[in-house]
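So this block is target.cif, mmCIF, C-alpha atoms:
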data_work
loop_
_atom_site.label_atom_id
_atom_site.label_comp_id
_atom_site.auth_asym_id
_atom_site.auth_seq_id
_atom_site.Cartn_x
_atom_site.Cartn_y
_atom_site.Cartn_z
CA MET A 21 43.46 -62.19 47.37
CA SER A 22 46.39 -59.79 47.22
CA SER A 23 47.57 -57.88 50.31
CA GLU A 24 48.04 -54.70 48.27
CA THR A 25 46.28 -51.45 49.21
CA LYS A 26 42.55 -52.01 49.58
CA PRO A 27 40.34 -50.42 46.92
CA GLU A 28 37.53 -48.03 47.80
CA LEU A 29 34.97 -50.18 45.98
CA SER A 30 34.37 -53.86 45.27
CA VAL A 31 32.16 -54.64 42.27
CA VAL A 32 30.63 -58.12 42.54
CA LEU A 33 29.65 -59.75 39.23
CA PRO A 34 28.45 -63.39 39.34
CA PHE A 35 28.16 -65.24 36.04
CA PHE A 36 26.84 -68.53 34.72
CA ASN A 37 26.98 -69.41 31.00
CA ALA A 38 26.96 -65.77 29.94
CA GLU A 39 29.35 -65.96 26.98
CA LYS A 40 27.15 -63.76 24.78
CA THR A 41 26.93 -60.84 27.20
CA LEU A 42 29.75 -61.11 29.74
CA LYS A 43 32.42 -59.20 27.83
CA ALA A 44 30.18 -56.14 27.37
CA ALA A 45 29.20 -56.21 31.06
CA ILE A 46 32.82 -56.42 32.21
CA LYS A 47 34.00 -53.74 29.78
CA SER A 48 31.29 -51.37 31.00
CA ILE A 49 32.82 -51.61 34.50
CA LEU A 50 36.44 -51.37 33.37
CA ASP A 51 35.57 -48.23 31.38
CA GLN A 52 34.10 -46.40 34.39
CA THR A 53 35.32 -42.88 35.14
CA PHE A 54 35.72 -44.04 38.75
CA ARG A 55 38.89 -46.11 38.84
CA ASP A 56 39.58 -47.19 42.43
CA PHE A 57 37.82 -50.55 42.45
CA GLU A 58 38.33 -54.26 42.27
CA LEU A 59 36.09 -56.32 40.00
CA LEU A 60 35.24 -59.72 41.45
CA LEU A 61 34.05 -62.12 38.76
CA ILE A 62 32.41 -65.17 40.33
CA ASN A 63 32.16 -68.18 38.05
CA ASN A 64 29.18 -70.29 39.12
CA ASN A 65 29.81 -73.59 37.28
CA SER A 66 29.78 -72.19 33.73
CA THR A 67 30.12 -74.77 30.96
CA ASP A 68 30.41 -72.36 28.01
CA ALA A 69 33.19 -69.90 27.13
CA SER A 70 32.36 -67.46 29.95
CA LEU A 71 35.32 -68.40 32.16
CA GLN A 72 37.77 -68.07 29.27
CA ILE A 73 36.36 -64.63 28.45
CA ALA A 74 36.88 -63.59 32.06
CA LYS A 75 40.44 -64.95 32.13
CA THR A 76 41.37 -63.18 28.91
CA LEU A 77 40.10 -59.83 30.19
CA SER A 78 41.78 -60.32 33.57
CA LYS A 79 45.20 -60.57 31.93
CA ALA A 80 44.86 -56.99 30.70
CA ASP A 81 43.53 -55.43 33.93
CA ARG A 82 44.88 -56.18 37.41
CA ARG A 83 41.66 -54.95 39.02
CA ILE A 84 39.91 -58.16 37.92
CA HIS A 85 39.90 -61.12 40.32
CA ILE A 86 38.27 -64.40 39.27
CA LEU A 87 36.62 -66.55 41.93
CA ASN A 88 34.86 -69.89 41.61
CA GLU A 89 31.73 -70.86 43.54
CA ARG A 90 30.72 -74.51 43.14
CA LYS A 91 27.41 -74.18 45.02
CA ALA A 92 24.89 -73.39 42.31
CA GLY A 93 22.74 -70.29 42.55
CA VAL A 94 23.18 -66.55 42.34
CA ALA A 95 22.88 -66.18 46.14
CA ASN A 96 25.87 -68.46 46.70
CA ALA A 97 27.85 -66.71 43.97
CA MET A 98 27.03 -63.29 45.39
CA ASN A 99 28.07 -64.40 48.88
CA CYS A 100 31.37 -65.68 47.52
CA GLY A 101 31.99 -62.19 46.16
CA LEU A 102 30.91 -60.48 49.39
CA LYS A 103 33.22 -62.65 51.51
CA ASN A 104 36.18 -61.70 49.33
CA ALA A 105 35.30 -58.03 48.85
CA ARG A 106 37.82 -55.60 50.36
CA GLY A 107 36.30 -52.22 49.48
CA ARG A 108 34.58 -49.72 51.79
CA PHE A 109 31.69 -49.87 49.36
CA ILE A 110 30.16 -52.77 47.43
CA ALA A 111 28.41 -52.56 44.07
CA ARG A 112 26.43 -55.26 42.28
CA MET A 113 26.60 -55.95 38.56
CA ASP A 114 24.87 -58.55 36.39
CA ALA A 115 26.53 -60.46 33.57
CA ASP A 116 23.90 -59.41 31.00
CA ASP A 117 23.67 -55.66 31.70
CA VAL A 118 25.72 -52.59 30.75
CA ALA A 119 26.64 -49.81 33.18
CA HIS A 120 26.89 -46.21 31.99
CA PRO A 121 30.45 -44.81 32.29
CA GLU A 122 29.71 -42.45 35.20
CA LYS A 123 27.54 -44.81 37.24
CA LEU A 124 30.09 -45.72 39.91
CA GLN A 125 31.50 -42.20 40.25
CA LYS A 126 28.08 -40.65 40.72
CA GLN A 127 27.03 -43.24 43.27
CA TYR A 128 30.33 -42.99 45.15
CA ASN A 129 30.08 -39.20 45.28
CA TYR A 130 26.49 -39.37 46.54
CA LEU A 131 27.25 -41.73 49.41
CA GLU A 132 30.33 -39.72 50.38
CA GLU A 133 28.21 -36.55 50.47
CA ASN A 134 25.21 -38.16 52.20
CA PRO A 135 26.43 -40.18 55.20
CA SER A 136 22.85 -40.90 56.34
CA ILE A 137 22.20 -43.01 53.22
CA ASP A 138 23.37 -46.62 53.42
CA PHE A 139 22.22 -48.15 50.14
CA LEU A 140 21.91 -46.50 46.73
CA GLY A 141 20.46 -47.43 43.36
CA SER A 142 19.60 -45.59 40.18
CA GLU A 143 17.04 -45.53 37.44
CA VAL A 144 17.57 -47.95 34.56
CA GLU A 145 17.10 -47.92 30.81
CA TYR A 146 14.97 -50.93 29.85
CA VAL A 147 16.38 -52.86 26.86
CA PRO A 148 14.14 -55.77 25.72
CA HIS A 149 15.62 -58.59 23.63
CA ILE A 150 12.35 -60.46 23.16
CA ALA A 151 8.86 -59.34 22.28
CA GLU A 152 8.55 -56.44 24.71
CA ASN A 153 7.04 -57.52 28.00
CA GLU A 154 4.53 -54.91 29.14
CA GLY A 155 4.75 -56.18 32.71
CA PHE A 156 8.50 -55.56 32.84
CA ARG A 157 8.06 -52.19 31.18
CA ARG A 158 5.50 -51.17 33.81
CA PHE A 159 7.79 -52.38 36.58
CA VAL A 160 10.72 -50.35 35.23
CA ASP A 161 8.55 -47.24 34.86
CA TRP A 162 7.35 -47.74 38.45
CA ALA A 163 10.85 -48.33 39.85
CA ASN A 164 12.18 -45.27 38.01
CA SER A 165 9.43 -43.06 39.45
CA PHE A 166 10.57 -42.72 43.07
CA HIS A 167 13.93 -41.96 44.67
CA THR A 168 13.83 -40.80 48.29
CA PRO A 169 14.23 -42.95 51.42
CA GLU A 170 10.70 -42.02 52.46
CA GLU A 171 9.22 -43.18 49.14
CA ILE A 172 11.22 -46.41 49.22
CA ALA A 173 10.09 -47.15 52.77
CA LEU A 174 6.43 -46.75 51.76
CA LYS A 175 6.72 -48.76 48.54
CA GLN A 176 8.94 -51.60 49.78
CA PHE A 177 6.07 -54.12 49.94
CA ILE A 178 4.77 -53.42 46.42
CA GLU A 179 7.83 -54.75 44.58
CA ILE A 180 11.60 -54.77 44.96
CA PRO A 181 12.29 -51.04 45.42
CA VAL A 182 15.83 -50.87 43.97
CA ILE A 183 16.67 -52.76 40.77
CA ASN A 184 19.39 -55.18 41.80
CA PRO A 185 22.28 -54.52 39.35
CA THR A 186 22.16 -50.80 40.22
CA ILE A 187 22.88 -51.25 43.93
CA PHE A 188 25.87 -49.60 45.61
CA PHE A 189 26.09 -49.84 49.40
CA ARG A 190 28.29 -49.45 52.45
CA ARG A 191 30.00 -52.70 53.43
CA GLU A 192 28.79 -52.19 57.04
CA LEU A 193 25.35 -53.36 55.93
CA TYR A 194 26.79 -56.72 54.88
CA GLU A 195 28.94 -56.97 58.01
CA LYS A 196 25.98 -56.25 60.33
CA TYR A 197 23.07 -57.95 58.56
CA GLY A 198 24.58 -60.53 56.22
CA GLY A 199 24.55 -61.10 52.50
CA CYS A 200 22.22 -63.12 50.28
CA ARG A 201 20.16 -65.90 51.79
CA ASP A 202 19.51 -68.96 49.66
CA GLY A 203 16.01 -70.42 49.71
CA ASN A 204 12.66 -70.62 47.96
CA PHE A 205 12.32 -66.84 47.72
CA PRO A 206 13.72 -63.96 45.63
CA GLU A 207 17.12 -63.50 47.29
CA ASP A 208 17.68 -59.92 46.10
CA TYR A 209 14.28 -58.72 47.36
CA GLU A 210 14.71 -60.54 50.66
CA MET A 211 18.08 -58.84 51.23
CA GLN A 212 16.64 -55.38 50.59
CA LEU A 213 13.67 -55.98 52.91
CA ARG A 214 16.02 -57.31 55.57
CA TYR A 215 18.23 -54.23 55.39
CA LEU A 216 15.18 -51.96 55.50
CA SER A 217 13.84 -53.86 58.51
CA HIS A 218 17.03 -52.96 60.36
CA GLY A 219 16.60 -49.27 59.58
CA ALA A 220 18.85 -48.93 56.53
CA LYS A 221 18.19 -45.78 54.50
CA MET A 222 17.88 -46.43 50.77
CA ALA A 223 17.79 -43.92 47.92
CA LYS A 224 18.03 -43.84 44.12
CA LEU A 225 19.72 -41.38 41.83
CA PRO A 226 17.17 -39.86 39.42
CA GLU A 227 19.27 -40.81 36.39
CA LYS A 228 19.35 -43.84 34.11
CA LEU A 229 22.80 -45.21 34.90
CA LEU A 230 22.40 -48.80 33.70
CA GLU A 231 21.03 -50.60 30.65
CA TRP A 232 18.83 -53.34 32.12
CA HIS A 233 18.72 -56.01 29.42
CA ASP A 234 15.69 -58.30 29.37
CA TYR A 235 16.44 -61.75 27.94
CA SER A 236 14.25 -64.86 27.91
CA THR A 237 16.81 -66.50 30.23
CA ARG A 238 16.28 -63.96 33.04
CA LEU A 239 15.87 -65.78 36.37
CA THR A 240 12.64 -63.94 37.10
CA ARG A 241 11.17 -65.82 34.12
CA THR A 242 12.67 -69.25 34.73
CA ASP A 243 13.06 -69.75 38.49
CA GLY A 244 10.21 -70.59 40.86
CA ARG A 245 11.81 -68.46 43.57
CA TYR A 246 10.54 -65.45 41.64
CA SER A 247 6.90 -66.50 41.47
CA THR A 248 4.21 -64.10 42.66
CA GLU A 249 3.49 -66.38 45.63
CA ALA A 250 7.19 -66.46 46.62
CA PHE A 251 7.23 -62.65 46.57
CA PHE A 252 4.11 -62.46 48.76
CA GLN A 253 5.50 -64.91 51.30
CA THR A 254 8.69 -62.82 51.58
CA LYS A 255 6.63 -59.65 51.90
CA ALA A 256 4.49 -61.21 54.64
CA PHE A 257 7.51 -62.13 56.77
CA TYR A 258 8.92 -58.60 56.75
CA PHE A 259 5.55 -56.87 56.87
CA LYS A 260 4.95 -58.56 60.23
CA GLN A 261 8.07 -56.80 61.53
CA TRP A 262 7.02 -53.52 59.92
CA SER A 263 3.54 -53.77 61.42
CA GLU A 264 4.93 -54.27 64.91
CA GLN A 265 6.70 -50.91 64.62
CA HIS A 266 4.24 -48.83 62.57
CA ASN A 267 0.71 -50.24 62.73
CA PRO A 268 -1.13 -48.73 65.73
CA PHE A 269 -3.60 -51.63 65.62
CA HIS A 270 -1.02 -54.44 65.30
CA PRO A 271 -1.62 -57.34 64.86
CA ASN A 272 -5.03 -56.37 63.46
CA ILE A 273 -5.36 -55.42 59.79
CA TRP A 274 -8.02 -55.11 57.10
CA ILE A 275 -7.28 -56.44 53.62
CA TRP A 276 -8.36 -54.44 50.56
CA GLY A 277 -9.37 -57.09 48.05
CA ALA A 278 -11.74 -59.97 48.60
CA GLY A 279 -11.09 -62.19 45.59
CA ARG A 280 -9.83 -65.77 45.76
CA LYS A 281 -6.20 -64.92 44.92
CA THR A 282 -6.08 -62.11 47.45
CA ARG A 283 -7.46 -64.34 50.20
CA GLN A 284 -4.89 -67.02 49.36
CA ARG A 285 -2.05 -64.51 49.56
CA SER A 286 -3.38 -62.88 52.72
CA ALA A 287 -3.08 -66.31 54.36
CA PHE A 288 0.70 -65.75 54.38
CA LEU A 289 0.10 -62.80 56.71
CA GLU A 290 -1.95 -64.97 59.04
CA GLU A 291 0.89 -67.52 59.12
CA TYR A 292 3.11 -64.82 60.61
CA GLY A 293 0.61 -63.83 63.28
CA LEU A 294 -1.34 -61.01 61.64
CA ASN A 295 -5.06 -60.99 62.46
CA ILE A 296 -7.30 -60.20 59.49
CA GLU A 297 -10.34 -58.42 60.88
CA GLY A 298 -12.09 -58.26 57.51
CA TYR A 299 -11.91 -57.65 53.78
CA ILE A 300 -12.74 -54.56 51.73
CA ASP A 301 -14.07 -54.76 48.17
CA ILE A 302 -15.35 -52.46 45.43
CA LYS A 303 -18.38 -54.70 44.92
CA LYS A 304 -21.31 -54.03 47.24
CA THR A 305 -22.72 -57.48 46.57
CA LYS A 306 -20.10 -59.45 48.53
CA PRO A 307 -21.76 -60.29 51.86
CA ASP A 308 -18.49 -61.13 53.65
CA ALA A 309 -16.66 -57.93 52.68
CA LEU A 310 -16.96 -54.26 53.62
CA PHE A 311 -18.02 -52.05 50.70
CA TYR A 312 -15.19 -49.57 50.15
CA GLN A 313 -17.52 -46.56 50.23
CA ASP A 314 -18.54 -47.55 53.76
CA LEU A 315 -15.07 -47.23 55.25
CA PRO A 316 -14.99 -45.42 58.60
CA GLN A 317 -13.04 -42.23 59.23
CA PRO A 318 -9.24 -42.73 59.44
CA GLY A 319 -7.78 -43.71 62.79
CA GLN A 320 -10.05 -46.71 63.37
CA LEU A 321 -8.31 -49.46 61.41
CA PHE A 322 -5.22 -50.26 59.34
CA ILE A 323 -5.61 -51.33 55.68
CA VAL A 324 -3.27 -53.48 53.61
CA SER A 325 -4.07 -53.40 49.89
CA MET A 326 -3.19 -56.69 48.17
CA VAL A 327 -4.88 -56.08 44.83
CA THR A 328 -2.41 -56.72 41.98
CA ASN A 329 -4.48 -55.66 38.96
CA THR A 330 -2.69 -53.11 36.79
CA GLY A 331 -3.32 -49.60 38.05
CA ALA A 332 -5.40 -50.74 41.04
CA GLY A 333 -2.87 -49.70 43.65
CA LYS A 334 -2.74 -46.13 42.37
CA LYS A 335 -6.54 -45.85 42.41
CA ILE A 336 -6.76 -47.30 45.92
CA ARG A 337 -4.10 -44.90 47.19
CA GLU A 338 -5.87 -41.93 45.62
CA PHE A 339 -9.24 -42.95 47.07
CA LEU A 340 -7.86 -43.42 50.57
CA GLN A 341 -5.93 -40.17 50.48
CA GLU A 342 -9.09 -38.35 49.41
CA ARG A 343 -10.65 -39.82 52.60
CA ASN A 344 -7.67 -38.38 54.57
CA TYR A 345 -6.06 -41.77 55.14
CA VAL A 346 -2.28 -41.37 55.42
CA GLU A 347 -0.01 -43.89 53.71
CA GLY A 348 2.23 -45.53 56.28
CA ASN A 349 -0.05 -44.51 59.15
CA ASP A 350 -3.48 -45.78 58.06
CA PHE A 351 -2.71 -48.00 55.09
CA LEU A 352 0.02 -49.59 52.99
CA LEU A 353 0.10 -51.12 49.51
CA MET A 354 1.32 -54.70 49.09
CA GLY A 355 0.86 -55.55 45.45
#
Would you write out, as C-alpha cells, the structure that this file holds?
Amino acid sequence: MSSETKPELSVVLPFFNAEKTLKAAIKSILDQTFRDFELLLINNNSTDASLQIAKTLSKADRRIHILNERKAGVANAMNCGLKNARGRFIARMDADDVAHPEKLQKQYNYLEENPSIDFLGSEVEYVPHIAENEGFRRFVDWANSFHTPEEIALKQFIEIPVINPTIFFRRELYEKYGGCRDGNFPEDYEMQLRYLSHGAKMAKLPEKLLEWHDYSTRLTRTDGRYSTEAFFQTKAFYFKQWSEQHNPFHPNIWIWGAGRKTRQRSAFLEEYGLNIEGYIDIKKTKPDALFYQDLPQPGQLFIVSMVTNTGAGKKIREFLQERNYVEGNDFLLMG
C-alpha cells in the first residue's frame, strides 16, 4: 500500500464472480458525497470478468486498491481488507448492493458527533431479483424498525441486528477484538455479537441508505454456515456470556417453547453451561411444560423465548410485558 496521507475511511468490498453487479457497487462508492476514503477491492479467486472490471475502474480512480485473497470465503476476504485498511473508520460494502450517495457522509458525521457510538448501520431498501421472499421481507422490515443502542442490545439474539453491508465502525473495534472468524457459523453475525459482548455500542441511522439486492446466489441461501441451527449455536455461545452479566438467576433459565425443534435448539444452551429449569408452552395439555398462564410474578425466574413462528416473538413480548416482566431483566427473545 502507498505511504501517502492516510484516508479517514477504508471501504472494504470483497468480491467473487460478481461481474454482473460489481461495477454498480463500486460506482455507488466512488460517487459518494464523502470523498476522503480508500476503496479496497478484495478479489477472492474470481474466475469471471470481475477482476478485469475492478482493474479498469481502478485506472480512473486512485482511491481504489485491488487486493487478492487466495483463501476462499468472505471471512478471509474481509480480513484481508481489514489488515490493509488505513482509515480511522472502516465501512463494509457488498459486491451486489448499491449505496445511496450520502451514506458514507451521514455515517461519518454521526460517529464524529456521537463519540459513545462505536458501530453504525442504517436501514436498507429491499430489492428482490427473484420471486419475492416473504421471509427476507419480514427480516428487512424488522431490522429497519429499531435504531438505538438499547434496542440493539435487547434484540441481538433474535437475528443479526445490523445488516452487514451498511456497517461503518471505528477501527479500534477491529484492533481490540479482531475481524471476521472463519468457521461453521455466520461470520458477520458472530462478529457483531462478539463486539457487543465486549460492550460496543451499536446504532442505526433511521434512513434507507443502501439498496440491499436479493439474488438467488446470496450466501444466506447457499451456504450451510447460515442455517437456522448455525445461527442458534452462535447465539448460544454469546448468550452464555450475556447471561453471566445480566441474568440474576444465571445459569438457570426457563425456555418459552416446548416443541421438538425448540428443545433441539435449547440443547445448544446446555452445551455452554446453561441450566434449563423447565419449558413454557401455550398448550395446557403438555405434562412436562408450564402453562403460560400459570407463570409466577416477575422476579422469580428468567425466560428465554426460542419460538421462531412468524409473529410469535411479538406476542410473547406483549404478554410478558402485560404481566410486568421487563425485557432484559426478566426475559429475552432468541428467535
- [ ] Name the residues that the PyMOL selection byres ((chain A and resi 318) around 12) picks from the file above, as JSON, numbers by chain, using the file's chain letters and numbers.
- [x] {"A": [268, 314, 315, 316, 317, 319, 320, 321, 322, 323, 340, 341, 342, 343, 344, 345, 346, 347, 349, 350, 351]}
TODO: Return as a ChimeraX atom specification the set of residues that the PyMOL selection byres ((chain A and resi 137) around 12) yields on the displayed structure.
DONE: /A:127-136,138-141,167-170,188-190,192-193,216,219-225
Task: Selection dump of the PyMOL selection byres ((chain A and resi 106) around 7), as JSON, numbers by chain - done: {"A": [26, 27, 30, 104, 105, 107, 108]}
Taking (27.2, -52.9, 30.9) as a centre in this file's frame and 9 Å as the limit, can you find every polymer residue with an atom that close, using only C-alpha atoms, and give them as a PDB file with C-alpha atoms, in the frame of the given file?
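What follows is the written file selection-v3.pdb:
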ATOM      1  CA  THR A  41      26.930 -60.840  27.200  1.00  0.00           C
ATOM      2  CA  LEU A  42      29.750 -61.110  29.740  1.00  0.00           C
ATOM      3  CA  LYS A  43      32.420 -59.200  27.830  1.00  0.00           C
ATOM      4  CA  ALA A  44      30.180 -56.140  27.370  1.00  0.00           C
ATOM      5  CA  ALA A  45      29.200 -56.210  31.060  1.00  0.00           C
ATOM      6  CA  ILE A  46      32.820 -56.420  32.210  1.00  0.00           C
ATOM      7  CA  LYS A  47      34.000 -53.740  29.780  1.00  0.00           C
ATOM      8  CA  SER A  48      31.290 -51.370  31.000  1.00  0.00           C
ATOM      9  CA  ILE A  49      32.820 -51.610  34.500  1.00  0.00           C
ATOM     10  CA  MET A 113      26.600 -55.950  38.560  1.00  0.00           C
ATOM     11  CA  ASP A 114      24.870 -58.550  36.390  1.00  0.00           C
ATOM     12  CA  ALA A 115      26.530 -60.460  33.570  1.00  0.00           C
ATOM     13  CA  ASP A 116      23.900 -59.410  31.000  1.00  0.00           C
ATOM     14  CA  ASP A 117      23.670 -55.660  31.700  1.00  0.00           C
ATOM     15  CA  VAL A 118      25.720 -52.590  30.750  1.00  0.00           C
ATOM     16  CA  ALA A 119      26.640 -49.810  33.180  1.00  0.00           C
ATOM     17  CA  HIS A 120      26.890 -46.210  31.990  1.00  0.00           C
ATOM     18  CA  PRO A 121      30.450 -44.810  32.290  1.00  0.00           C
ATOM     19  CA  LEU A 230      22.400 -48.800  33.700  1.00  0.00           C
ATOM     20  CA  GLU A 231      21.030 -50.600  30.650  1.00  0.00           C
ATOM     21  CA  TRP A 232      18.830 -53.340  32.120  1.00  0.00           C
TER      22      TRP A 232
END
TODO: Return the single residue from A:Ala111, A:Leu213, A:Ile180, A:Ile336 that is closest to Glu28 of chain A, with distances computed using all atoms listed in the file.
DONE: A:Ala111
- [ ] Just the residues within 9 Å of Ala74 of chain A, please, counting only C-alpha atoms, with nothing from its chain fewer than 4 positions along; format it as a VMD selection string.
- [x] chain A and resid 42 to 43 46 61 63 69 to 70 78 to 79 84 86
Please write the residues from the selection above to a file, keeping C-alpha atoms, as a PDB file, in the coordinates of the input.
ATOM      1  CA  LEU A  42      29.750 -61.110  29.740  1.00  0.00           C
ATOM      2  CA  LYS A  43      32.420 -59.200  27.830  1.00  0.00           C
ATOM      3  CA  ILE A  46      32.820 -56.420  32.210  1.00  0.00           C
ATOM      4  CA  LEU A  61      34.050 -62.120  38.760  1.00  0.00           C
ATOM      5  CA  ASN A  63      32.160 -68.180  38.050  1.00  0.00           C
ATOM      6  CA  ALA A  69      33.190 -69.900  27.130  1.00  0.00           C
ATOM      7  CA  SER A  70      32.360 -67.460  29.950  1.00  0.00           C
ATOM      8  CA  SER A  78      41.780 -60.320  33.570  1.00  0.00           C
ATOM      9  CA  LYS A  79      45.200 -60.570  31.930  1.00  0.00           C
ATOM     10  CA  ILE A  84      39.910 -58.160  37.920  1.00  0.00           C
ATOM     11  CA  ILE A  86      38.270 -64.400  39.270  1.00  0.00           C
TER      12      ILE A  86
END
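Atom pair atom CA of Trp162 of chain A / atom CA of Asp208 of chain A: separated by 17.7 Å.
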Give me, as an mmCIF file with C-alpha atoms, in the frame of the given file, all polymer residues having an atom no more than 10 Å from Ala256 of chain A, counting all atoms listed in the file and skipping those fewer than 4 positions away in the same chain.
data_model
loop_
_atom_site.group_PDB
_atom_site.id
_atom_site.type_symbol
_atom_site.label_atom_id
_atom_site.label_comp_id
_atom_site.auth_asym_id
_atom_site.auth_seq_id
_atom_site.Cartn_x
_atom_site.Cartn_y
_atom_site.Cartn_z
ATOM 1 C CA PHE A 177 6.070 -54.120 49.940
ATOM 2 C CA ALA A 250 7.190 -66.460 46.620
ATOM 3 C CA PHE A 251 7.230 -62.650 46.570
ATOM 4 C CA PHE A 252 4.110 -62.460 48.760
ATOM 5 C CA LYS A 260 4.950 -58.560 60.230
ATOM 6 C CA GLN A 261 8.070 -56.800 61.530
ATOM 7 C CA TRP A 262 7.020 -53.520 59.920
ATOM 8 C CA ARG A 285 -2.050 -64.510 49.560
ATOM 9 C CA SER A 286 -3.380 -62.880 52.720
ATOM 10 C CA ALA A 287 -3.080 -66.310 54.360
ATOM 11 C CA PHE A 288 0.700 -65.750 54.380
ATOM 12 C CA LEU A 289 0.100 -62.800 56.710
ATOM 13 C CA GLU A 290 -1.950 -64.970 59.040
ATOM 14 C CA GLU A 291 0.890 -67.520 59.120
ATOM 15 C CA TYR A 292 3.110 -64.820 60.610
ATOM 16 C CA GLY A 293 0.610 -63.830 63.280
ATOM 17 C CA LEU A 294 -1.340 -61.010 61.640
ATOM 18 C CA MET A 354 1.320 -54.700 49.090
#
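Relative to atom CA of Leu60 of chain A, atom CA of Arg201 of chain A is found at 19.3 Å.
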Task: Point (22.7, -72.8, 40.9), cut-off 12 Å, counting only C-alpha atoms, residues as a list in words - done: Pro34, Phe35, Phe36, Asn37, Asn63, Asn64, Asn65, Ser66, Glu89, Arg90, Lys91, Ala92, Gly93, Val94, Ala95, Asn96, Ala97, Met98, Asp202, Gly203, Leu239 and Asp243 of chain A
Task: Option closest in space to Leu29 of chain A, from A:Ile300, A:Leu102, A:Leu352, A:Ala309 [counting only C-alpha atoms] - done: A:Leu102
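Between atom CA of Gln52 of chain A and atom CA of Glu227 of chain A the interatomic distance comes to 16.0 Å.
Of the residues under consideration (A:Ile296, A:Gly331, A:Gly277, A:Gly355), A:Gly331 shows the shortest atom-to-atom contact distance to Arg158 of chain A when counting only C-alpha atoms.
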Task: Nearest to Tyr194 of chain A, chosen from A:Pro206, A:Gly101, A:Phe159, A:Ala173, with all atoms listed in the file counted in the distances - done: A:Gly101
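The residue that comes closest to Pro271 of chain A, out of A:Asn99, A:Ser325, A:Asn295, A:Gln253 and on the basis of only C-alpha atoms, is A:Asn295.
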Draw an axis-aligned box tight on the listed atoms of segment 72-89 of chain A, then pad every side by 3 Å and write out centre and edge lengths in Å to one decimal as JSON.
{"center_x": 38.5, "center_y": -62.9, "center_z": 36.0, "size_x": 19.5, "size_y": 21.9, "size_z": 21.1}
Task: Option closest in space to Leu124 of chain A, from A:Glu154, A:Phe54, A:Thr76, A:Asn329 [counting all atoms listed in the file] - done: A:Phe54
